[in-house]
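Colleague: I am sharing model.cif, which consists of mmCIF, C-alpha atoms:
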```cif
data_upload
loop_
_atom_site.label_atom_id
_atom_site.label_comp_id
_atom_site.auth_asym_id
_atom_site.auth_seq_id
_atom_site.Cartn_x
_atom_site.Cartn_y
_atom_site.Cartn_z
CA MET A 998 163.81 86.04 9.79
CA ALA A 999 160.98 86.67 12.22
CA GLU A 1000 161.51 83.52 14.24
CA ASN A 1001 161.15 85.49 17.46
CA ALA A 1002 158.99 88.55 17.59
CA ARG A 1003 161.02 89.95 20.51
CA VAL A 1004 164.28 89.82 18.59
CA PRO A 1005 164.68 93.15 16.87
CA LYS A 1006 165.77 93.10 13.28
CA ALA A 1007 167.92 96.19 13.30
CA LEU A 1008 171.66 95.69 13.45
CA PHE A 1009 174.03 98.16 14.99
CA PRO A 1010 177.54 97.61 13.63
CA THR A 1011 179.14 99.83 16.28
CA PRO A 1012 178.33 100.97 19.81
CA GLN A 1013 177.99 104.48 18.39
CA ASP A 1014 175.22 103.26 16.07
CA ALA A 1015 173.37 101.71 18.99
CA GLU A 1016 173.78 104.86 21.06
CA ALA A 1017 172.53 107.07 18.23
CA ALA A 1018 169.47 104.84 17.90
CA PHE A 1019 168.89 105.03 21.66
CA TYR A 1020 168.76 108.83 21.64
CA GLU A 1021 166.73 108.93 18.45
CA ALA A 1022 164.14 106.64 20.04
CA LEU A 1023 164.12 108.87 23.13
CA THR A 1024 163.60 111.95 20.99
CA LYS A 1025 160.74 110.32 19.10
CA ASN A 1026 159.09 108.62 22.10
CA ASP A 1027 159.33 105.43 20.02
CA LEU A 1028 159.06 102.46 22.35
CA ASP A 1029 159.73 99.76 19.75
CA ALA A 1030 162.77 101.59 18.43
CA MET A 1031 163.99 102.05 22.01
CA MET A 1032 163.65 98.37 22.81
CA ALA A 1033 165.37 97.40 19.56
CA VAL A 1034 168.50 99.00 21.03
CA TRP A 1035 168.48 96.86 24.18
CA ALA A 1036 169.87 93.37 24.39
CA ASP A 1037 167.02 90.93 24.92
CA ASP A 1038 168.20 89.71 28.29
CA ASP A 1039 167.03 89.40 31.87
CA ASP A 1040 170.25 90.95 33.18
CA VAL A 1041 170.22 94.28 31.37
CA TYR A 1042 169.52 97.25 33.60
CA CYS A 1043 168.42 100.84 33.38
CA ILE A 1044 168.71 103.55 36.01
CA HIS A 1045 166.66 106.60 35.12
CA PRO A 1046 167.71 109.90 36.75
CA ASN A 1047 166.94 109.72 40.49
CA GLY A 1048 165.51 106.26 39.95
CA ALA A 1049 166.04 102.78 41.27
CA ARG A 1050 167.60 100.11 39.13
CA VAL A 1051 165.21 98.52 36.66
CA THR A 1052 166.38 95.08 35.62
CA GLY A 1053 165.39 92.91 32.67
CA VAL A 1054 164.13 93.84 29.28
CA ASP A 1055 160.45 93.52 30.21
CA HIS A 1056 160.70 95.87 33.19
CA ILE A 1057 162.81 98.26 31.15
CA ARG A 1058 160.21 98.33 28.38
CA GLU A 1059 157.52 99.14 30.94
CA SER A 1060 159.60 101.96 32.42
CA TRP A 1061 160.07 103.56 29.01
CA ARG A 1062 156.41 103.04 28.18
CA GLN A 1063 155.49 105.07 31.25
CA ILE A 1064 158.00 107.79 30.40
CA PHE A 1065 156.86 108.03 26.80
CA ALA A 1066 153.19 108.01 27.86
CA SER A 1067 153.65 111.55 29.23
CA GLY A 1068 153.80 112.72 25.66
CA GLN A 1069 156.55 115.16 26.55
CA ARG A 1070 158.95 115.61 23.64
CA LEU A 1071 162.59 115.97 24.51
CA SER A 1072 165.59 116.93 22.47
CA PHE A 1073 169.07 115.76 23.34
CA GLN A 1074 172.47 117.25 22.74
CA LEU A 1075 175.31 114.95 23.70
CA ARG A 1076 178.58 116.48 24.81
CA ASP A 1077 181.87 115.48 26.36
CA GLN A 1078 181.71 111.89 25.26
CA GLN A 1079 184.32 109.49 26.62
CA TYR A 1080 184.56 105.96 25.27
CA VAL A 1081 186.30 102.81 26.40
CA THR A 1082 185.75 100.05 23.88
CA GLY A 1083 186.67 96.40 24.29
CA MET A 1084 186.06 93.41 22.06
CA MET A 1085 182.70 92.61 23.61
CA LEU A 1086 181.78 95.56 25.78
CA ALA A 1087 181.88 99.29 25.21
CA VAL A 1088 181.45 101.98 27.85
CA HIS A 1089 180.29 105.44 26.84
CA SER A 1090 180.09 108.34 29.23
CA VAL A 1091 178.10 111.30 27.95
CA TYR A 1092 176.59 114.52 29.18
CA GLU A 1093 172.99 114.72 27.99
CA HIS A 1094 171.86 118.31 27.52
CA ILE A 1095 168.11 117.97 27.45
CA ALA A 1096 165.50 120.44 26.32
CA VAL A 1097 161.76 119.96 26.45
CA VAL A 1098 160.23 120.86 23.13
CA GLY A 1099 158.13 123.97 23.71
CA GLU A 1100 160.03 125.12 26.80
CA PRO A 1101 162.45 128.03 26.41
CA ARG A 1102 164.96 126.95 29.05
CA ALA A 1103 167.18 123.92 28.89
CA ARG A 1104 167.06 121.55 31.82
CA ALA A 1105 170.04 120.72 33.97
CA PRO A 1106 172.23 118.17 32.23
CA VAL A 1107 172.22 114.47 32.97
CA ILE A 1108 175.32 112.29 33.07
CA ALA A 1109 174.86 108.89 31.51
CA THR A 1110 176.98 105.80 31.45
CA ASN A 1111 175.85 103.74 28.46
CA ILE A 1112 177.15 100.21 28.15
CA PHE A 1113 176.94 98.14 25.01
CA LEU A 1114 177.52 94.47 24.33
CA ARG A 1115 178.53 92.95 21.01
CA THR A 1116 175.90 90.31 20.27
CA GLU A 1117 175.31 88.05 17.29
CA ARG A 1118 172.97 90.76 16.04
CA GLY A 1119 175.27 93.69 16.48
CA TRP A 1120 175.96 95.99 19.41
CA ARG A 1121 173.16 96.33 21.92
CA MET A 1122 172.68 98.31 25.09
CA VAL A 1123 173.03 96.30 28.29
CA ALA A 1124 173.07 99.15 30.79
CA HIS A 1125 172.04 102.80 31.02
CA HIS A 1126 172.88 104.59 34.25
CA ALA A 1127 171.73 108.19 34.26
CA SER A 1128 171.97 110.73 37.07
CA PRO A 1129 171.41 114.48 37.27
CA ALA A 1130 174.55 116.56 36.98
CA PRO A 1131 174.93 119.42 39.43
CA ALA A 1132 173.63 122.79 38.24
CA ALA A 1133 177.14 124.07 37.62
CA GLY A 1134 177.67 120.75 35.99
CA ALA A 1135 180.14 121.54 33.29
CA PRO A 1136 182.70 118.78 33.23
CA GLU A 1137 186.12 119.62 34.52
CA PRO A 1138 188.67 120.78 31.94
CA ARG A 1139 190.49 118.00 30.23
CA ARG A 1140 192.48 117.32 27.14
CA ALA A 1141 190.54 118.46 24.10
CA ALA A 1142 189.39 116.06 21.45
CA ALA A 1143 190.78 112.93 23.02
CA PRO A 1144 190.38 110.10 20.53
CA PRO A 1145 188.16 107.19 21.49
CA LYS A 1146 190.10 104.46 23.23
CA THR A 1147 189.93 101.03 21.67
CA LEU A 1148 191.27 97.99 23.45
CA HIS A 1149 192.58 94.96 21.65
CA MET B 535 209.64 96.77 40.17
CA ALA B 536 209.26 100.41 41.16
CA GLU B 537 210.08 101.85 37.77
CA ASN B 538 207.14 104.21 38.04
CA ALA B 539 206.04 105.49 41.39
CA ARG B 540 202.49 106.03 40.08
CA VAL B 541 202.06 102.42 39.03
CA PRO B 542 200.60 100.57 41.96
CA LYS B 543 202.14 97.26 42.83
CA ALA B 544 199.01 95.45 43.86
CA LEU B 545 197.54 93.04 41.36
CA PHE B 546 193.89 92.20 41.18
CA PRO B 547 193.39 88.89 39.37
CA THR B 548 189.63 89.42 38.98
CA PRO B 549 187.25 92.37 38.80
CA GLN B 550 185.81 91.14 42.10
CA ASP B 551 189.22 91.54 43.73
CA ALA B 552 189.52 95.09 42.45
CA GLU B 553 186.01 95.90 43.64
CA ALA B 554 186.66 94.46 47.09
CA ALA B 555 189.80 96.58 47.35
CA PHE B 556 187.83 99.65 46.26
CA TYR B 557 185.31 99.28 49.07
CA GLU B 558 187.97 98.37 51.59
CA ALA B 559 189.85 101.56 50.74
CA LEU B 560 186.60 103.51 51.08
CA THR B 561 185.94 101.96 54.47
CA LYS B 562 189.45 102.76 55.67
CA ASN B 563 189.69 106.26 54.14
CA ASP B 564 192.93 104.99 52.57
CA LEU B 565 193.79 107.21 49.62
CA ASP B 566 196.78 105.21 48.38
CA ALA B 567 194.85 101.96 48.53
CA MET B 568 191.96 103.65 46.71
CA MET B 569 194.18 104.90 43.92
CA ALA B 570 195.87 101.50 43.60
CA VAL B 571 192.50 100.21 42.39
CA TRP B 572 192.20 102.76 39.58
CA ALA B 573 193.82 102.37 36.19
CA ASP B 574 196.52 105.01 35.81
CA ASP B 575 194.92 106.77 32.89
CA ASP B 576 193.67 110.18 31.85
CA ASP B 577 190.36 108.74 30.63
CA VAL B 578 189.12 107.04 33.78
CA TYR B 579 186.17 108.77 35.39
CA CYS B 580 184.36 108.93 38.68
CA ILE B 581 180.88 110.28 39.39
CA HIS B 582 180.25 110.68 43.09
CA PRO B 583 176.59 110.71 44.20
CA ASN B 584 174.97 113.95 42.97
CA GLY B 585 178.31 114.98 41.50
CA ALA B 586 179.71 115.98 38.16
CA ARG B 587 182.01 113.70 36.25
CA VAL B 588 185.59 113.76 37.46
CA THR B 589 187.99 112.62 34.75
CA GLY B 590 191.58 111.45 34.96
CA VAL B 591 193.44 109.76 37.73
CA ASP B 592 194.86 112.99 39.18
CA HIS B 593 191.47 114.67 39.50
CA ILE B 594 189.98 111.47 40.88
CA ARG B 595 192.70 111.26 43.53
CA GLU B 596 191.97 114.84 44.56
CA SER B 597 188.23 114.12 44.80
CA TRP B 598 188.82 111.16 47.11
CA ARG B 599 191.36 113.14 49.12
CA GLN B 600 188.67 115.72 49.83
CA ILE B 601 186.13 113.06 50.73
CA PHE B 602 188.50 111.22 53.03
CA ALA B 603 189.62 114.51 54.63
CA SER B 604 186.24 114.76 56.34
CA GLY B 605 187.36 111.94 58.59
CA GLN B 606 183.92 110.40 58.41
CA ARG B 607 184.11 106.62 58.60
CA LEU B 608 181.68 104.71 56.45
CA SER B 609 180.77 101.07 56.31
CA PHE B 610 179.45 99.45 53.17
CA GLN B 611 177.20 96.50 52.59
CA LEU B 612 176.90 95.53 48.95
CA ARG B 613 173.71 93.90 47.77
CA ASP B 614 171.99 92.88 44.57
CA GLN B 615 175.14 92.65 42.51
CA GLN B 616 174.79 92.13 38.78
CA TYR B 617 177.85 91.42 36.66
CA VAL B 618 178.57 91.44 32.96
CA THR B 619 182.12 90.33 32.32
CA GLY B 620 183.95 90.45 29.01
CA MET B 621 187.53 89.62 28.11
CA MET B 622 188.79 93.13 28.78
CA LEU B 623 185.98 94.95 30.53
CA ALA B 624 183.70 94.03 33.39
CA VAL B 625 180.59 95.89 34.48
CA HIS B 626 179.33 95.53 38.04
CA SER B 627 176.09 97.04 39.24
CA VAL B 628 175.72 97.12 43.01
CA TYR B 629 173.53 98.64 45.66
CA GLU B 630 175.74 100.23 48.32
CA HIS B 631 174.07 100.23 51.72
CA ILE B 632 176.09 102.80 53.60
CA ALA B 633 176.26 103.47 57.30
CA VAL B 634 178.25 106.19 59.00
CA VAL B 635 180.22 104.73 61.87
CA GLY B 636 178.73 106.22 65.04
CA GLU B 637 175.34 107.00 63.52
CA PRO B 638 172.43 104.75 64.43
CA ARG B 639 170.52 105.04 61.15
CA ALA B 640 171.65 103.76 57.82
CA ARG B 641 171.69 106.22 54.95
CA ALA B 642 169.67 105.83 51.81
CA PRO B 643 171.36 103.39 49.47
CA VAL B 644 173.47 104.36 46.53
CA ILE B 645 173.46 102.58 43.18
CA ALA B 646 176.88 102.20 41.63
CA THR B 647 178.04 101.08 38.24
CA ASN B 648 181.65 99.95 38.63
CA ILE B 649 183.63 99.27 35.48
CA PHE B 650 186.91 97.40 35.42
CA LEU B 651 189.53 96.97 32.72
CA ARG B 652 191.97 94.08 32.42
CA THR B 653 195.41 95.66 32.32
CA GLU B 654 198.92 94.21 32.26
CA ARG B 655 198.85 94.57 36.03
CA GLY B 656 195.51 92.97 36.67
CA TRP B 657 191.98 94.32 36.72
CA ARG B 658 191.65 97.99 37.49
CA MET B 659 188.73 100.35 37.88
CA VAL B 660 188.15 102.66 34.92
CA ALA B 661 184.78 104.09 35.92
CA HIS B 662 182.64 104.51 39.04
CA HIS B 663 179.21 106.03 38.51
CA ALA B 664 177.27 106.40 41.75
CA SER B 665 173.85 107.93 42.28
CA PRO B 666 171.44 108.01 45.21
CA ALA B 667 168.71 105.40 45.05
CA PRO B 668 165.21 106.55 45.90
CA ALA B 669 164.20 106.16 49.53
CA ALA B 670 162.03 103.17 48.72
CA GLY B 671 164.97 102.03 46.71
CA ALA B 672 164.72 98.30 46.96
CA PRO B 673 165.44 96.86 43.56
CA GLU B 674 162.54 95.40 41.70
CA PRO B 675 161.93 91.68 42.13
CA ARG B 676 163.95 89.52 39.85
CA ARG B 677 165.20 86.02 39.53
CA ALA B 678 167.03 85.01 42.67
CA ALA B 679 170.67 84.09 42.66
CA ALA B 680 171.31 84.72 39.01
CA PRO B 681 174.83 83.52 38.23
CA PRO B 682 177.34 86.06 37.01
CA LYS B 683 177.37 86.33 33.24
CA THR B 684 180.70 85.77 31.56
CA LEU B 685 181.20 86.50 27.90
CA HIS B 686 183.72 84.72 25.73
#
```
Represent the structure contained in this file as structure tokens.
Modeller:
Amino acid sequence: MAENARVPKALFPTPQDAEAAFYEALTKNDLDAMMAVWADDDDVYCIHPNGARVTGVDHIRESWRQIFASGQRLSFQLRDQQYVTGMMLAVHSVYEHIAVVGEPRARAPVIATNIFLRTERGWRMVAHHASPAPAAGAPEPRRAAAPPKTLH
Amino acid sequence: MAENARVPKALFPTPQDAEAAFYEALTKNDLDAMMAVWADDDDVYCIHPNGARVTGVDHIRESWRQIFASGQRLSFQLRDQQYVTGMMLAVHSVYEHIAVVGEPRARAPVIATNIFLRTERGWRMVAHHASPAPAAGAPEPRRAAAPPKTLH
């Protein structure tokens, strides 16, 4: 089972499972849990808000290590999710409403595009592109409760 | 052929073709060519740099109409492309090096995640997430000339 220490054991049967684990790891500042969500690949990439592109699982781990090292605890509310799901790739667009634990005011929201790949070990994140939403950043009105789109 | 005026006639056999058409339309301020790249769908979304999420082909058209109305002519150099291509979805990450025609200095680069869907009428864009790269925004060193990754 543990033939490769870098291969995480957790399996995510759906992109939603992988995404939930991503935000749980973020909330807990849990680096190992965070990296268990990512595909173990040199081509995965992560763009933190206002950041450059960080490519490859090793660089991504280091970027999260630095973020988690601040000790700041964040809580996330996800809203306005939109999904496009293929056989092998799934694209999730979410508004992250972020609060710092201990601070009374919520921060401005962040828009994230989260991309997941179906691997032999379940769905894994292959890209996270996050950028600050404008202050009046409520998404434009759209059809309510649109069902997730699945492609076959 | 013209059973639906909103269905563009152009076909893009590969995600690369659709992406090339996207940047050509941007360069030419050509709204119809721009919208021919997008899938005709209420769930497509576009995040302009520093912007909120714009969802649905009608709102996206209006956002580009406003951008093109400025009359500003831009030129784009794409660098550091990374691709993940599935059967139905393709994810392209690119650095856009943008210059305003008539201005001597290049602007700070923009990082874009471009997502394409294979439709009955070829590959179409379903998401464009762009955000400003930091001023020292050169991507981190990585393996040179990595081949595009294709999933089967």
Colleague: For each of A:Lys1025, A:His1094, A:Arg1102, A:His1045, take the minimum atom-to-atom distance to chain B, counting only C-alpha atoms, then give the residue where this is smallest.
Modeller: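 Closest candidate: A:His1045.
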Colleague: Give as JSON, numbers by chain every residue of chain B that touches chain A within 7 Å, counting all atoms listed in the file.
Modeller: {"B": [584, 585, 586, 587, 588, 620, 622, 623, 665, 666, 667, 668, 671, 673, 674]}
Colleague: I'd like to know which of A:Ala1015, A:Leu1008, A:Cys1043, A:Ala1105 is closest to A:Trp1061, using only C-alpha atoms.
Modeller: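 Among the listed residues, the smallest separation from A:Trp1061 belongs to A:Cys1043.
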Colleague: Over every C-alpha pair, in sequence order, do a least-squares fit of chain B onto chain A and save the fitted chain as a CSV table (one decimal) with C-alpha atoms, keeping the file's coordinate frame.
Modeller:
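Writing the result to result30.csv gives the following:
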```csv
chain,number,residue,atom,x,y,z
B,535,MET,CA,164.0,86.1,9.9
B,536,ALA,CA,161.2,86.6,12.3
B,537,GLU,CA,161.7,83.5,14.3
B,538,ASN,CA,161.3,85.4,17.5
B,539,ALA,CA,159.1,88.4,17.6
B,540,ARG,CA,161.1,89.8,20.6
B,541,VAL,CA,164.4,89.8,18.6
B,542,PRO,CA,164.7,93.1,16.9
B,543,LYS,CA,165.7,93.1,13.3
B,544,ALA,CA,167.9,96.2,13.3
B,545,LEU,CA,171.6,95.7,13.5
B,546,PHE,CA,174.0,98.1,15.0
B,547,PRO,CA,177.5,97.6,13.6
B,548,THR,CA,179.1,99.8,16.3
B,549,PRO,CA,178.3,101.0,19.8
B,550,GLN,CA,178.0,104.5,18.3
B,551,ASP,CA,175.2,103.3,16.1
B,552,ALA,CA,173.3,101.7,19.0
B,553,GLU,CA,173.8,104.9,21.0
B,554,ALA,CA,172.5,107.1,18.2
B,555,ALA,CA,169.4,104.9,17.9
B,556,PHE,CA,168.9,105.0,21.6
B,557,TYR,CA,168.7,108.8,21.6
B,558,GLU,CA,166.7,108.9,18.4
B,559,ALA,CA,164.1,106.7,20.0
B,560,LEU,CA,164.1,108.9,23.1
B,561,THR,CA,163.6,112.0,21.0
B,562,LYS,CA,160.7,110.3,19.1
B,563,ASN,CA,159.1,108.6,22.1
B,564,ASP,CA,159.3,105.4,20.0
B,565,LEU,CA,159.0,102.5,22.4
B,566,ASP,CA,159.7,99.8,19.8
B,567,ALA,CA,162.7,101.6,18.4
B,568,MET,CA,164.0,102.1,22.0
B,569,MET,CA,163.6,98.4,22.8
B,570,ALA,CA,165.3,97.4,19.6
B,571,VAL,CA,168.5,99.0,21.0
B,572,TRP,CA,168.4,96.9,24.2
B,573,ALA,CA,169.9,93.4,24.4
B,574,ASP,CA,167.0,90.9,24.9
B,575,ASP,CA,168.2,89.7,28.3
B,576,ASP,CA,167.0,89.4,31.9
B,577,ASP,CA,170.2,91.0,33.2
B,578,VAL,CA,170.2,94.3,31.4
B,579,TYR,CA,169.5,97.3,33.6
B,580,CYS,CA,168.4,100.8,33.4
B,581,ILE,CA,168.7,103.6,36.0
B,582,HIS,CA,166.7,106.6,35.1
B,583,PRO,CA,167.7,109.9,36.7
B,584,ASN,CA,167.0,109.7,40.5
B,585,GLY,CA,165.5,106.3,39.9
B,586,ALA,CA,166.0,102.8,41.3
B,587,ARG,CA,167.6,100.1,39.1
B,588,VAL,CA,165.2,98.5,36.7
B,589,THR,CA,166.4,95.1,35.6
B,590,GLY,CA,165.4,92.9,32.7
B,591,VAL,CA,164.1,93.8,29.3
B,592,ASP,CA,160.4,93.5,30.2
B,593,HIS,CA,160.7,95.9,33.2
B,594,ILE,CA,162.8,98.3,31.1
B,595,ARG,CA,160.2,98.3,28.4
B,596,GLU,CA,157.5,99.1,30.9
B,597,SER,CA,159.6,102.0,32.4
B,598,TRP,CA,160.1,103.6,29.0
B,599,ARG,CA,156.4,103.1,28.2
B,600,GLN,CA,155.5,105.1,31.3
B,601,ILE,CA,158.0,107.8,30.4
B,602,PHE,CA,156.9,108.1,26.8
B,603,ALA,CA,153.2,108.0,27.9
B,604,SER,CA,153.6,111.6,29.3
B,605,GLY,CA,153.8,112.7,25.7
B,606,GLN,CA,156.5,115.2,26.6
B,607,ARG,CA,158.9,115.6,23.7
B,608,LEU,CA,162.6,116.0,24.5
B,609,SER,CA,165.6,116.9,22.5
B,610,PHE,CA,169.1,115.8,23.3
B,611,GLN,CA,172.5,117.3,22.7
B,612,LEU,CA,175.3,115.0,23.7
B,613,ARG,CA,178.6,116.5,24.8
B,614,ASP,CA,181.9,115.5,26.3
B,615,GLN,CA,181.7,111.9,25.2
B,616,GLN,CA,184.3,109.5,26.6
B,617,TYR,CA,184.5,106.0,25.2
B,618,VAL,CA,186.3,102.8,26.4
B,619,THR,CA,185.7,100.1,23.8
B,620,GLY,CA,186.6,96.4,24.3
B,621,MET,CA,186.0,93.4,22.0
B,622,MET,CA,182.7,92.6,23.6
B,623,LEU,CA,181.8,95.6,25.7
B,624,ALA,CA,181.9,99.3,25.2
B,625,VAL,CA,181.4,102.0,27.8
B,626,HIS,CA,180.3,105.4,26.8
B,627,SER,CA,180.1,108.3,29.2
B,628,VAL,CA,178.1,111.3,27.9
B,629,TYR,CA,176.6,114.5,29.2
B,630,GLU,CA,173.0,114.7,28.0
B,631,HIS,CA,171.9,118.3,27.5
B,632,ILE,CA,168.1,118.0,27.5
B,633,ALA,CA,165.5,120.4,26.3
B,634,VAL,CA,161.7,120.0,26.5
B,635,VAL,CA,160.2,120.9,23.1
B,636,GLY,CA,158.1,124.0,23.7
B,637,GLU,CA,160.0,125.1,26.8
B,638,PRO,CA,162.4,128.0,26.5
B,639,ARG,CA,164.9,126.9,29.1
B,640,ALA,CA,167.2,123.9,28.9
B,641,ARG,CA,167.1,121.5,31.8
B,642,ALA,CA,170.0,120.7,34.0
B,643,PRO,CA,172.2,118.2,32.2
B,644,VAL,CA,172.2,114.5,32.9
B,645,ILE,CA,175.3,112.3,33.0
B,646,ALA,CA,174.8,108.9,31.5
B,647,THR,CA,177.0,105.8,31.4
B,648,ASN,CA,175.8,103.7,28.4
B,649,ILE,CA,177.1,100.2,28.1
B,650,PHE,CA,176.9,98.2,25.0
B,651,LEU,CA,177.5,94.5,24.3
B,652,ARG,CA,178.5,92.9,21.0
B,653,THR,CA,175.9,90.3,20.2
B,654,GLU,CA,175.2,88.0,17.3
B,655,ARG,CA,172.9,90.8,16.0
B,656,GLY,CA,175.2,93.7,16.5
B,657,TRP,CA,175.9,96.0,19.4
B,658,ARG,CA,173.1,96.3,21.9
B,659,MET,CA,172.7,98.3,25.1
B,660,VAL,CA,173.0,96.3,28.3
B,661,ALA,CA,173.1,99.2,30.8
B,662,HIS,CA,172.0,102.8,31.0
B,663,HIS,CA,172.9,104.6,34.2
B,664,ALA,CA,171.7,108.2,34.3
B,665,SER,CA,172.0,110.7,37.1
B,666,PRO,CA,171.4,114.5,37.3
B,667,ALA,CA,174.6,116.6,37.0
B,668,PRO,CA,174.9,119.4,39.4
B,669,ALA,CA,173.6,122.8,38.2
B,670,ALA,CA,177.2,124.0,37.6
B,671,GLY,CA,177.7,120.7,36.0
B,672,ALA,CA,180.2,121.5,33.3
B,673,PRO,CA,182.8,118.8,33.3
B,674,GLU,CA,186.2,119.6,34.6
B,675,PRO,CA,188.8,120.8,32.1
B,676,ARG,CA,190.6,118.0,30.3
B,677,ARG,CA,192.5,117.3,27.2
B,678,ALA,CA,190.6,118.5,24.2
B,679,ALA,CA,189.6,116.1,21.5
B,680,ALA,CA,190.9,112.9,23.1
B,681,PRO,CA,190.5,110.1,20.6
B,682,PRO,CA,188.3,107.2,21.5
B,683,LYS,CA,190.2,104.5,23.2
B,684,THR,CA,189.9,101.0,21.7
B,685,LEU,CA,191.2,98.0,23.4
B,686,HIS,CA,192.5,94.9,21.6
```
Colleague: In Å, rounded to a single decimal, give me how far atom CA of A:Glu1016 is from atom CA of B:Ala573.
Modeller: 25.2 Å
Colleague: Could you jot down the atom CA of B:Ala603 to atom CA of B:Gln615 separation for me, Å, one decimal place?
Modeller: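 Atom CA of B:Ala603 sits 28.9 Å away from atom CA of B:Gln615.
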Colleague: May I have the residues within 12 Å of B:Arg599 as a PDB file with C-alpha atoms, in the coordinates of the input, using all atoms listed in the file and disregarding those fewer than 4 positions away in the same chain?
Modeller:
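File produced: out-v2.pdb:
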```
ATOM      1  CA  ALA B 559     189.850 101.560  50.740  1.00  0.00           C
ATOM      2  CA  LEU B 560     186.600 103.510  51.080  1.00  0.00           C
ATOM      3  CA  ASN B 563     189.690 106.260  54.140  1.00  0.00           C
ATOM      4  CA  ASP B 564     192.930 104.990  52.570  1.00  0.00           C
ATOM      5  CA  LEU B 565     193.790 107.210  49.620  1.00  0.00           C
ATOM      6  CA  ASP B 566     196.780 105.210  48.380  1.00  0.00           C
ATOM      7  CA  ALA B 567     194.850 101.960  48.530  1.00  0.00           C
ATOM      8  CA  MET B 568     191.960 103.650  46.710  1.00  0.00           C
ATOM      9  CA  MET B 569     194.180 104.900  43.920  1.00  0.00           C
ATOM     10  CA  ASP B 592     194.860 112.990  39.180  1.00  0.00           C
ATOM     11  CA  HIS B 593     191.470 114.670  39.500  1.00  0.00           C
ATOM     12  CA  ILE B 594     189.980 111.470  40.880  1.00  0.00           C
ATOM     13  CA  ARG B 595     192.700 111.260  43.530  1.00  0.00           C
ATOM     14  CA  ALA B 603     189.620 114.510  54.630  1.00  0.00           C
ATOM     15  CA  SER B 604     186.240 114.760  56.340  1.00  0.00           C
ATOM     16  CA  GLY B 605     187.360 111.940  58.590  1.00  0.00           C
TER      17      GLY B 605
END
```
Colleague: If you measure from atom CA of B:Arg607 to atom CA of B:Phe650, what distance in Å do you get, rounded to one decimal?
Modeller: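 Going from atom CA of B:Arg607 over to atom CA of B:Phe650, I get 25.1 Å.
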Colleague: Which residues would end up in the selection if the PyMOL selection byres ((chain A and resi 1120) around 6) were applied here, given that I need the answer as a list in words?
Modeller: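 Selected by the PyMOL selection byres ((chain A and resi 1120) around 6) here: Phe1009, Thr1011, Pro1012, Leu1114, Arg1115, Thr1116, Gly1119 and Arg1121 of chain A.
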Colleague: Near A:Ser1072, within 7 Å and counting only C-alpha atoms, which residues show up once chain neighbours fewer than 3 positions away are dropped, as a list in words?
Modeller: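 Returned residues: Thr1024, Ile1095, Ala1096, Val1097 and Val1098 of chain A.
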Colleague: Produce the centre coordinates and the three edge lengths, each in Å to one decimal, of the box along x, y and z that contains all listed atoms of stretch 1076-1091 of chain A with 6 Å added on each side, as JSON.
Modeller:
```
{"center_x": 182.4, "center_y": 104.5, "center_z": 25.6, "size_x": 20.6, "size_y": 35.9, "size_z": 19.2}
```
